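Below is one structure; the comments refer to it alone.
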Amino acid sequence: MKLWGGRFEKSTDRLVEDFHSSISFDRRLYRQDIRGSQAHARMLGECGIISLEEAEQIIAGLEGILADIEGGGVQFSVDAEDIHMNIETLLTRRIGEVGKKLHTARSRNDQVALDVRMYMKEEIRATQRLLAGLQRVILDLAEQHLDTIMPGYTHLQKAQPVTLAHHLMAYFQMFRRDMERLQDCFRRTDVMPLGSGALAGTTFPLDREMVARELGFAAISENSLDAVSDRDFAIEFTAAASLIMMHLSRFCEELVLWSSDEFRFVEMDDAFSTGSSIMPQKKNPDVAELVRGKTGRVYGSLMALLTVMKSLPLAYNKDMQEDKEALFDAVDTVQKCLVTFTPMLKTLRVKNEVMYRGAKGGFTNATDVADYLAKKGVPFREAHAVVGQLVLYCLKEGKDLQEISLDQYRQFAPAFEEDVFRAISVEACVARRSLPGGPAPDAVRQSINHGRAWLEKNTV
Ligand code: ARG
């Protein structure tokens with residue numbers, strides 16, 4: 001008979017049995033469920049709601065079940081519906097009647113809220129650690145490429161020269177914000193819901209603070225209706241994960257482009273590339289493409305969670321069981337992507353020379369020619385127009401801005417002098433952008449130092 005079977009005259013239809021069971025996926029929460037139940041039982045004992053001896057029996061029984069599950073010796077049953085009732089059934093089978101006291105002053109509604117929060121606290125931390133690992137690789141790589149000049153782009157058209165270090169550190173900043181979002185999400189996940197019962201708390205004099213302390217929660221929830229129907233924390237995580245994926249995906253897109261024959265800025269390590277079954281010459285950036293592709297999965301999970309929760313009346317509704325697969329998939333996907341992307345980046349071969357050549361072409365120093373004139377007193381708008389004419393002239397002549405003579409320069413504006421050539425080398429273009437946040441090696445070194453200090457302080 002079902003744990004809730006008392007008021008039923010008929011047994012559940014086989015179809016429904018299959019349909020509403022969540023054990024196939026919520027089995028993942030077995031450890032949290034057991035630890036939560038042990039804390040609950042200990043508290044029931046301390047508060048005199050069950051005897052201390054009964055509490056001890058329950059705690060020991062649960063410990064045995066945990067060992068059995070981890071030893072692979074437990075078959076969960078669809079009949080027992082979910083992880084909560086599976087473990088309760090196993091407990092009663094193991095220690096007899098006293099096992100039936102565990103569920104005193106508790107509902108699966110506050111229990112599942114507890115389990116998912118405990119699970120998410122661990123996974124947020126795990127995700128943060130993976131993110132920190134990636135950030136460390138970015139910092140190291142940036143440090144090696146402070147002087148590696150490359151073209152910066154807007155509209156994917158060459159714009160102004162930057163350095164690879166600067167480009168990489170842009171991603172560091174994105175992942176830093178992601179880290180802060182996770183940290184913030186952790187704070188709101190770190191709230192203990194047990195004691196909310198099914199929806200309206202309980203008549204038993206529970207010590208909720210004790211349970212929170214025992215399980216390492218920073219606070220207890222303040223409204224029982226909210227505590228059993230809140231999945232904001234799961235949605236927040238999935239939103240933060242979506243942003244991480246979006247950042248990874250942009251990074252991947254660039255690596256895919258950069259490893260094409262058209263760019264040839266980088267080459268992926270063989271260990272992180274794959275071949276073609278028909279074209280023998282191919283070396284494909286599959287890992288980067290897959291990360292880019294998996295971004296869609298995580299966005300999908302976010303949409304699924306938002307949509308499941310939309311319009312649900314208070315408090316618990318069975319719809320909410322649908323939160324888990326989407327959440328678990330988002331956790332698995334973002335973590336797997338971080339795990340794979342990080343060594344791929346670390347082993348990336350950078351072709352400094354090609355990047356440098358790229359930075360020299362495409363008139364990336366045109367702005368600097370205009371700035372040169374502006375510094376000589378020509379109004380910038382006028383200088384812009386002059387350099388536009390110069391570029392047009394160069395295009396017709398098939399030359400770069402460094403390759404035309406001073407006389408030719410002077411035909412466009414008399415303010416040009418011999419020092420123009422030094423002012424517009426790509427090295428000078430980069431070096432002069434030394435204000436905070438700029439690409440000059442000194443400025444980027446500063447930002448790398450800040451980044452390292454920040455990472456040190458925010459280790460979890
Ligand atoms: N398996 C359920 C879930 O994941 C646990 C809570 C069930 N509560 C209920 N009243 N049916 O949401």
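Within each chain, counting starts at residue 1; across the structure tokens, chains are named A, B, ... in the order shown, with ligands numbered 1 upward in that order.
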
For this session: Could you pull out the residues sitting within 6 Å of ligand 1, using only C-alpha atoms and all ligand atoms, and write them as a PyMOL selection string?
Result: chain A and resi 22+82+108-109+112+318+320-321

Just C-alpha atoms for this one: save the residues we selected as a PDB file, in the first residue's frame.
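Written out: out26.pdb:
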ATOM      1  CA  SER A  22       9.992  11.048 -10.122  1.00  0.00           C
ATOM      2  CA  ASP A  82       9.934   9.589  -5.333  1.00  0.00           C
ATOM      3  CA  ARG A 108       7.313  16.083   1.301  1.00  0.00           C
ATOM      4  CA  ASN A 109       6.690  19.672   0.308  1.00  0.00           C
ATOM      5  CA  VAL A 112      11.810  18.468  -1.353  1.00  0.00           C
ATOM      6  CA  LYS A 318       2.696  18.887  -8.491  1.00  0.00           C
ATOM      7  CA  MET A 320       6.797  21.784  -9.433  1.00  0.00           C
ATOM      8  CA  GLN A 321       8.131  18.256  -9.707  1.00  0.00           C
TER       9      GLN A 321
END

For this session: Find the spatial neighbours of A:Arg176, counting only C-alpha atoms, within a cut-off of 9 Å - ignore same-chain residues fewer than 4 positions away - and output them as a list of chain:residue names.
Result: A:Leu131, A:Ala132, A:Gln135, A:Tyr171, A:Phe172, A:Glu180, A:Arg181, A:Gly451, A:Trp454, A:Leu455

Exercise. So which residues touch A:Ala241 within 8 Å, counting only C-alpha atoms, skipping near sequence neighbours fewer than 6 positions away, as number ranges by chain?
Worked result: A: 298, 330-331, 334

Could you save the residues just selected, with all heavy atoms, as a compact mmCIF listing (two decimals), in the first residue's frame?
# COMPACT_ATOMS: atom_id res chain seq x y z
N VAL A 298 20.76 25.05 -22.03
CA VAL A 298 20.64 25.72 -20.74
C VAL A 298 19.57 26.82 -20.81
O VAL A 298 18.77 26.98 -19.89
CB VAL A 298 22.01 26.25 -20.26
CG1 VAL A 298 21.89 26.96 -18.93
CG2 VAL A 298 23.00 25.09 -20.14
N ALA A 330 20.73 21.67 -16.45
CA ALA A 330 21.47 22.94 -16.50
C ALA A 330 22.76 22.82 -15.69
O ALA A 330 23.84 23.25 -16.14
CB ALA A 330 20.61 24.09 -15.98
N VAL A 331 22.67 22.21 -14.51
CA VAL A 331 23.86 22.02 -13.66
C VAL A 331 24.90 21.18 -14.40
O VAL A 331 26.06 21.55 -14.52
CB VAL A 331 23.46 21.33 -12.33
CG1 VAL A 331 24.70 20.84 -11.58
CG2 VAL A 331 22.65 22.28 -11.45
N VAL A 334 26.36 23.09 -17.70
CA VAL A 334 27.29 24.21 -17.50
C VAL A 334 28.60 23.69 -16.89
O VAL A 334 29.69 24.13 -17.27
CB VAL A 334 26.65 25.35 -16.67
CG1 VAL A 334 26.50 24.98 -15.21
CG2 VAL A 334 27.48 26.63 -16.78

Exercise. Atom CA of A:Ser249 and atom CA of A:Arg433 are how many Å apart?
Worked result: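 So the two atoms, atom CA of A:Ser249 and atom CA of A:Arg433, lie 28.3 Å apart.
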
For this session: List the neighbours of stretch 407-409 of chain A out to 8 Å using only C-alpha atoms; skip same-chain residues closer than 5 positions along the sequence, and give me the result as a PyMOL selection string.
Result: chain A and resi 390+414+416

Tell me, counting only C-alpha atoms, for each residue of stretch 335-431 of chain A within 8 Å of stretch 263-273 of chain A, which pair of atoms is nearest and how far apart they are in Å to one decimal, in rows ordered by chain and increasing number, as JSON lines.
{"residue": "A:Met344", "atom": "CA", "partner": "A:Phe272", "partner_atom": "CA", "distance": 5.9}
{"residue": "A:Thr347", "atom": "CA", "partner": "A:Asp269", "partner_atom": "CA", "distance": 5.8}
{"residue": "A:Leu348", "atom": "CA", "partner": "A:Met268", "partner_atom": "CA", "distance": 5.0}
{"residue": "A:Arg349", "atom": "CA", "partner": "A:Glu267", "partner_atom": "CA", "distance": 5.0}
{"residue": "A:Val350", "atom": "CA", "partner": "A:Val266", "partner_atom": "CA", "distance": 4.5}
{"residue": "A:Lys351", "atom": "CA", "partner": "A:Phe265", "partner_atom": "CA", "distance": 5.3}
{"residue": "A:Asn352", "atom": "CA", "partner": "A:Phe265", "partner_atom": "CA", "distance": 7.3}
{"residue": "A:Val354", "atom": "CA", "partner": "A:Phe265", "partner_atom": "CA", "distance": 5.9}
{"residue": "A:Met355", "atom": "CA", "partner": "A:Phe265", "partner_atom": "CA", "distance": 5.6}

Problem set entry | Shortest interatomic distance to A:Arg445 - which of A:Val291, A:Leu146, A:Met303, A:Val256, counting only C-alpha atoms |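 Checking each of A:Val291, A:Leu146, A:Met303, A:Val256 against A:Arg445, counting only C-alpha atoms, the winner is A:Leu146.
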
Problem set entry | Test item, alpha helix (DSSP H) assignment across stretch 229-301 of chain A, answer as number ranges by chain | A: 229, 232-258, 286-301

Save out the residues we just selected, C-alpha atoms, as a compact mmCIF listing (two decimals), in the first residue's frame.
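The result, written out as again_17.txt:
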# COMPACT_ATOMS: atom_id res chain seq x y z
CA SER A 229 6.40 27.08 -3.28
CA ASP A 232 13.34 31.34 -7.43
CA PHE A 233 16.72 30.07 -6.32
CA ALA A 234 16.65 27.34 -8.97
CA ILE A 235 15.61 29.83 -11.62
CA GLU A 236 18.30 32.26 -10.51
CA PHE A 237 20.93 29.58 -10.83
CA THR A 238 19.70 28.62 -14.27
CA ALA A 239 19.71 32.28 -15.30
CA ALA A 240 23.28 32.66 -14.01
CA ALA A 241 24.19 29.43 -15.81
CA SER A 242 22.62 30.80 -19.00
CA LEU A 243 24.84 33.86 -18.79
CA ILE A 244 27.92 31.71 -18.21
CA MET A 245 26.95 29.69 -21.27
CA MET A 246 26.37 32.85 -23.28
CA HIS A 247 29.85 34.06 -22.37
CA LEU A 248 31.42 30.69 -23.14
CA SER A 249 29.52 30.60 -26.40
CA ARG A 250 30.85 33.98 -27.53
CA PHE A 251 34.35 32.87 -26.61
CA CYS A 252 33.84 29.63 -28.53
CA GLU A 253 32.52 31.47 -31.55
CA GLU A 254 35.71 33.52 -31.64
CA LEU A 255 37.91 30.46 -31.25
CA VAL A 256 36.07 28.76 -34.09
CA LEU A 257 36.57 31.83 -36.28
CA TRP A 258 40.16 32.29 -35.23
CA ASP A 286 34.13 20.45 -32.29
CA VAL A 287 34.58 21.13 -28.60
CA ALA A 288 34.06 24.86 -29.05
CA GLU A 289 31.10 24.22 -31.33
CA LEU A 290 29.49 21.84 -28.85
CA VAL A 291 29.83 24.31 -26.00
CA ARG A 292 28.23 26.90 -28.26
CA GLY A 293 25.46 24.43 -29.07
CA LYS A 294 24.83 23.37 -25.49
CA THR A 295 24.12 26.98 -24.63
CA GLY A 296 20.71 26.40 -26.17
CA ARG A 297 20.01 23.54 -23.75
CA VAL A 298 20.64 25.72 -20.74
CA TYR A 299 18.49 28.55 -22.09
CA GLY A 300 15.82 25.88 -22.66
CA SER A 301 16.01 24.83 -19.02

Closest-contact table, stretch 78-151 of chain A side, partner stretch 27-32 of chain A, 7 Å, counting only C-alpha atoms, as CSV:
residue,atom,partner,partner_atom,distance
A:Ile83,CA,A:Arg27,CA,5.3
A:Asp115,CA,A:Gln32,CA,5.2
A:Met118,CA,A:Gln32,CA,6.2
A:Tyr119,CA,A:Gln32,CA,6.5

Exercise. A:Ser37, A:Asp419, A:Val386, A:Gln173: which is nearest A:Leu66, counting only C-alpha atoms?
Worked result: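 Under the stated criterion, the closest residue is A:Ser37.
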
Exercise. Within 7 Å of A:Met192, counting only C-alpha atoms, which residues qualify if same-chain residues fewer than 6 places away don't, as a list in words?
Worked result: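 Result of the neighbour search: Leu114, Ala212, Phe217, Ala219, Ile220 and Ser221 of chain A.
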
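If you measure from each of A:Asp33, A:Ala370, A:Cys185, A:Val78 to A:His20 using only C-alpha atoms, the closest one turns out to be A:Val78.
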
Exercise. Looking at A:Ala326, A:Ile65, A:Val211, A:Thr89, which one is nearest to A:Leu44, with distances taken over only C-alpha atoms?
Worked result: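 The closest residue to A:Leu44 is A:Val211.
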
Just the residues within 12 Å of A:Glu427, please, counting only C-alpha atoms, with nothing from its chain fewer than 5 positions along; format it as a tab-separated table (two decimals) with all heavy atoms, in the first residue's frame.
chain	number	residue	atom	x	y	z
A	146	LEU	N	50.69	39.92	-23.04
A	146	LEU	CA	50.56	41.36	-22.81
A	146	LEU	C	50.99	42.16	-24.02
A	146	LEU	O	50.46	43.23	-24.30
A	146	LEU	CB	51.41	41.77	-21.60
A	146	LEU	CG	50.81	41.47	-20.23
A	146	LEU	CD1	51.87	41.58	-19.14
A	146	LEU	CD2	49.64	42.41	-19.95
A	147	ASP	N	51.96	41.64	-24.77
A	147	ASP	CA	52.49	42.37	-25.92
A	147	ASP	C	52.07	41.76	-27.26
A	147	ASP	O	52.61	42.11	-28.29
A	147	ASP	CB	54.03	42.40	-25.85
A	147	ASP	CG	54.50	43.13	-24.59
A	147	ASP	OD1	54.12	44.30	-24.43
A	147	ASP	OD2	55.21	42.51	-23.77
A	148	THR	N	51.18	40.82	-27.20
A	148	THR	CA	50.72	40.19	-28.46
A	148	THR	C	49.65	41.07	-29.08
A	148	THR	O	48.50	41.07	-28.64
A	148	THR	CB	50.18	38.77	-28.19
A	148	THR	OG1	51.18	38.02	-27.51
A	148	THR	CG2	49.78	38.08	-29.48
A	149	ILE	N	50.06	41.81	-30.10
A	149	ILE	CA	49.12	42.76	-30.72
A	149	ILE	C	48.23	42.03	-31.71
A	149	ILE	O	48.68	41.18	-32.48
A	149	ILE	CB	49.90	43.90	-31.39
A	149	ILE	CG1	50.61	44.72	-30.30
A	149	ILE	CG2	48.98	44.79	-32.22
A	149	ILE	CD1	51.47	45.84	-30.82
A	150	MET	N	46.96	42.35	-31.65
A	150	MET	CA	45.99	41.76	-32.58
A	150	MET	C	44.96	42.82	-32.97
A	150	MET	O	44.85	43.84	-32.30
A	150	MET	CB	45.28	40.57	-31.93
A	150	MET	CG	44.44	40.96	-30.72
A	150	MET	SD	43.44	39.61	-30.07
A	150	MET	CE	42.07	39.64	-31.20
A	151	PRO	N	44.25	42.59	-34.06
A	151	PRO	CA	43.22	43.58	-34.41
A	151	PRO	C	42.03	43.47	-33.46
A	151	PRO	O	41.62	42.36	-33.11
A	151	PRO	CB	42.82	43.19	-35.83
A	151	PRO	CG	43.26	41.79	-36.02
A	151	PRO	CD	44.36	41.51	-35.05
A	160	GLN	N	40.49	48.78	-34.34
A	160	GLN	CA	41.69	49.38	-33.76
A	160	GLN	C	42.53	48.25	-33.18
A	160	GLN	O	41.98	47.23	-32.77
A	160	GLN	CB	41.29	50.36	-32.64
A	160	GLN	CG	40.59	51.61	-33.17
A	160	GLN	CD	40.02	52.49	-32.08
A	160	GLN	OE1	39.99	52.10	-30.91
A	160	GLN	NE2	39.57	53.67	-32.45
A	161	PRO	N	43.84	48.45	-33.11
A	161	PRO	CA	44.66	47.36	-32.54
A	161	PRO	C	44.46	47.25	-31.03
A	161	PRO	O	44.32	48.26	-30.34
A	161	PRO	CB	46.09	47.78	-32.88
A	161	PRO	CG	46.04	49.24	-33.15
A	161	PRO	CD	44.65	49.58	-33.57
A	162	VAL	N	44.46	46.03	-30.54
A	162	VAL	CA	44.43	45.76	-29.10
A	162	VAL	C	45.49	44.69	-28.84
A	162	VAL	O	46.30	44.41	-29.72
A	162	VAL	CB	43.03	45.27	-28.64
A	162	VAL	CG1	41.99	46.37	-28.80
A	162	VAL	CG2	42.60	44.02	-29.38
A	163	THR	N	45.48	44.13	-27.66
A	163	THR	CA	46.37	42.99	-27.44
A	163	THR	C	45.52	41.78	-27.10
A	163	THR	O	44.37	41.92	-26.67
A	163	THR	CB	47.35	43.22	-26.26
A	163	THR	OG1	46.58	43.32	-25.06
A	163	THR	CG2	48.19	44.47	-26.47
A	356	TYR	N	49.62	39.79	-35.34
A	356	TYR	CA	50.30	41.07	-35.53
A	356	TYR	C	50.08	41.60	-36.95
A	356	TYR	O	49.73	42.76	-37.16
A	356	TYR	CB	51.80	40.90	-35.25
A	356	TYR	CG	52.60	42.17	-35.37
A	356	TYR	CD1	52.45	43.18	-34.42
A	356	TYR	CD2	53.50	42.35	-36.42
A	356	TYR	CE1	53.18	44.36	-34.53
A	356	TYR	CE2	54.23	43.52	-36.53
A	356	TYR	CZ	54.07	44.53	-35.58
A	356	TYR	OH	54.79	45.68	-35.70
A	357	ARG	N	50.24	40.70	-37.91
A	357	ARG	CA	50.03	41.09	-39.31
A	357	ARG	C	48.59	41.57	-39.50
A	357	ARG	O	48.33	42.56	-40.19
A	357	ARG	CB	50.32	39.90	-40.23
A	357	ARG	CG	51.50	40.17	-41.14
A	357	ARG	CD	51.76	38.99	-42.08
A	357	ARG	NE	52.29	37.83	-41.39
A	357	ARG	CZ	51.82	36.58	-41.51
A	357	ARG	NH1	50.80	36.32	-42.31
A	357	ARG	NH2	52.38	35.59	-40.84
A	359	ALA	N	46.76	42.95	-37.32
A	359	ALA	CA	46.57	44.26	-36.67
A	359	ALA	C	47.12	45.39	-37.54
A	359	ALA	O	46.63	46.51	-37.50
A	359	ALA	CB	47.26	44.27	-35.31
A	360	LYS	N	48.15	45.07	-38.34
A	360	LYS	CA	48.77	46.11	-39.17
A	360	LYS	C	47.95	46.45	-40.40
A	360	LYS	O	48.02	47.56	-40.92
A	360	LYS	CB	50.18	45.67	-39.59
A	360	LYS	CG	51.17	45.78	-38.44
A	360	LYS	CD	52.57	45.43	-38.88
A	360	LYS	CE	53.30	46.64	-39.43
A	360	LYS	NZ	54.75	46.44	-39.48
A	364	THR	N	43.78	49.85	-39.18
A	364	THR	CA	43.39	49.87	-37.76
A	364	THR	C	43.96	51.11	-37.06
A	364	THR	O	43.54	51.42	-35.94
A	364	THR	CB	43.92	48.62	-37.02
A	364	THR	OG1	45.34	48.59	-37.15
A	364	THR	CG2	43.32	47.34	-37.57
A	365	ASN	N	44.92	51.80	-37.72
A	365	ASN	CA	45.49	52.99	-37.08
A	365	ASN	C	44.84	54.29	-37.57
A	365	ASN	O	45.30	55.37	-37.25
A	365	ASN	CB	47.01	53.03	-37.27
A	365	ASN	CG	47.38	52.87	-38.74
A	365	ASN	OD1	46.50	52.70	-39.59
A	365	ASN	ND2	48.67	52.90	-39.03
A	368	ASP	N	44.00	56.76	-35.01
A	368	ASP	CA	45.18	57.41	-34.43
A	368	ASP	C	45.72	58.52	-35.32
A	368	ASP	O	46.29	59.50	-34.83
A	368	ASP	CB	46.26	56.35	-34.13
A	368	ASP	CG	45.82	55.45	-33.01
A	368	ASP	OD1	44.86	54.68	-33.22
A	368	ASP	OD2	46.39	55.57	-31.91
A	421	PHE	N	54.65	59.29	-38.52
A	421	PHE	CA	54.91	57.86	-38.73
A	421	PHE	C	55.11	57.10	-37.42
A	421	PHE	O	54.64	55.99	-37.26
A	421	PHE	CB	56.09	57.67	-39.68
A	421	PHE	CG	55.81	58.25	-41.05
A	421	PHE	CD1	56.36	59.47	-41.43
A	421	PHE	CD2	54.94	57.60	-41.91
A	421	PHE	CE1	56.06	60.01	-42.67
A	421	PHE	CE2	54.64	58.14	-43.15
A	421	PHE	CZ	55.20	59.36	-43.54
A	422	ARG	N	55.80	57.77	-36.51
A	422	ARG	CA	56.01	57.11	-35.21
A	422	ARG	C	54.68	57.00	-34.45
A	422	ARG	O	54.41	56.04	-33.77
A	422	ARG	CB	57.03	57.89	-34.37
A	422	ARG	CG	58.13	56.99	-33.86
A	422	ARG	CD	59.17	57.73	-33.01
A	422	ARG	NE	59.49	59.07	-33.49
A	422	ARG	CZ	59.16	60.20	-32.85
A	422	ARG	NH1	58.51	60.15	-31.70
A	422	ARG	NH2	59.48	61.37	-33.35
A	432	ARG	N	49.73	53.87	-26.42
A	432	ARG	CA	49.16	55.14	-25.99
A	432	ARG	C	47.80	54.99	-25.32
A	432	ARG	O	47.33	55.90	-24.65
A	432	ARG	CB	49.08	56.10	-27.17
A	432	ARG	CG	49.95	57.34	-26.95
A	432	ARG	CD	49.82	58.38	-28.02
A	432	ARG	NE	50.50	57.96	-29.24
A	432	ARG	CZ	49.86	57.61	-30.37
A	432	ARG	NH1	48.56	57.61	-30.44
A	432	ARG	NH2	50.56	57.27	-31.42
A	433	ARG	N	47.19	53.84	-25.49
A	433	ARG	CA	45.89	53.61	-24.84
A	433	ARG	C	46.13	53.01	-23.46
A	433	ARG	O	45.76	51.87	-23.18
A	433	ARG	CB	45.03	52.71	-25.70
A	433	ARG	CG	44.58	53.38	-26.97
A	433	ARG	CD	43.84	52.44	-27.89
A	433	ARG	NE	43.05	53.21	-28.85
A	433	ARG	CZ	43.55	53.85	-29.91
A	433	ARG	NH1	44.84	53.82	-30.13
A	433	ARG	NH2	42.74	54.52	-30.72
A	434	SER	N	46.75	53.83	-22.63
A	434	SER	CA	47.22	53.30	-21.34
A	434	SER	C	46.36	53.75	-20.19
A	434	SER	O	46.69	53.55	-19.03
A	434	SER	CB	48.66	53.76	-21.12
A	434	SER	OG	48.69	55.17	-21.16
A	439	PRO	N	43.99	48.93	-23.52
A	439	PRO	CA	44.74	47.74	-23.93
A	439	PRO	C	46.26	47.82	-23.76
A	439	PRO	O	46.95	46.83	-24.00
A	439	PRO	CB	44.39	47.62	-25.41
A	439	PRO	CG	44.16	49.02	-25.85
A	439	PRO	CD	43.59	49.76	-24.67
A	440	ALA	N	46.81	48.99	-23.37
A	440	ALA	CA	48.27	49.09	-23.25
A	440	ALA	C	48.75	48.08	-22.21
A	440	ALA	O	48.07	47.83	-21.21
A	440	ALA	CB	48.65	50.50	-22.83
A	441	PRO	N	49.93	47.49	-22.47
A	441	PRO	CA	50.43	46.43	-21.57
A	441	PRO	C	50.38	46.81	-20.09
A	441	PRO	O	49.97	45.99	-19.26
A	441	PRO	CB	51.86	46.21	-22.05
A	441	PRO	CG	51.80	46.56	-23.50
A	441	PRO	CD	50.82	47.67	-23.63

Exercise. Mind checking DSSP for stretch 109-340 of chain A and telling me the strand (DSSP E) residues as a list of chain:residue names?
Worked result: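 Answer for stretch 109-340 of chain A restricted to strand (DSSP E) is A:Ile149, A:Met150, A:Pro151, A:Gly152, A:Tyr153, A:Thr154, A:Gln157, A:Lys158, A:Ala159, A:Gln160, A:Pro161, A:Val162, A:Thr163, A:Val191, A:Met192, A:Ala219, A:Ile220, A:Val266, A:Glu267.
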
Within 8 Å of A:Val137, counting only C-alpha atoms, which residues qualify if same-chain residues fewer than 6 places away don't, as an mmCIF file with N, CA and C atoms, in the first residue's frame?
data_model
loop_
_atom_site.group_PDB
_atom_site.id
_atom_site.type_symbol
_atom_site.label_atom_id
_atom_site.label_comp_id
_atom_site.auth_asym_id
_atom_site.auth_seq_id
_atom_site.Cartn_x
_atom_site.Cartn_y
_atom_site.Cartn_z
ATOM 1 N N THR A 342 38.035 24.716 -20.297
ATOM 2 C CA THR A 342 39.220 25.243 -19.618
ATOM 3 C C THR A 342 40.528 24.632 -20.155
ATOM 4 N N LEU A 345 41.273 25.807 -23.692
ATOM 5 C CA LEU A 345 41.862 27.147 -23.766
ATOM 6 C C LEU A 345 43.333 27.105 -23.363
ATOM 7 N N LYS A 346 43.580 26.317 -22.311
ATOM 8 C CA LYS A 346 44.941 26.250 -21.780
ATOM 9 C C LYS A 346 45.940 25.714 -22.812
#
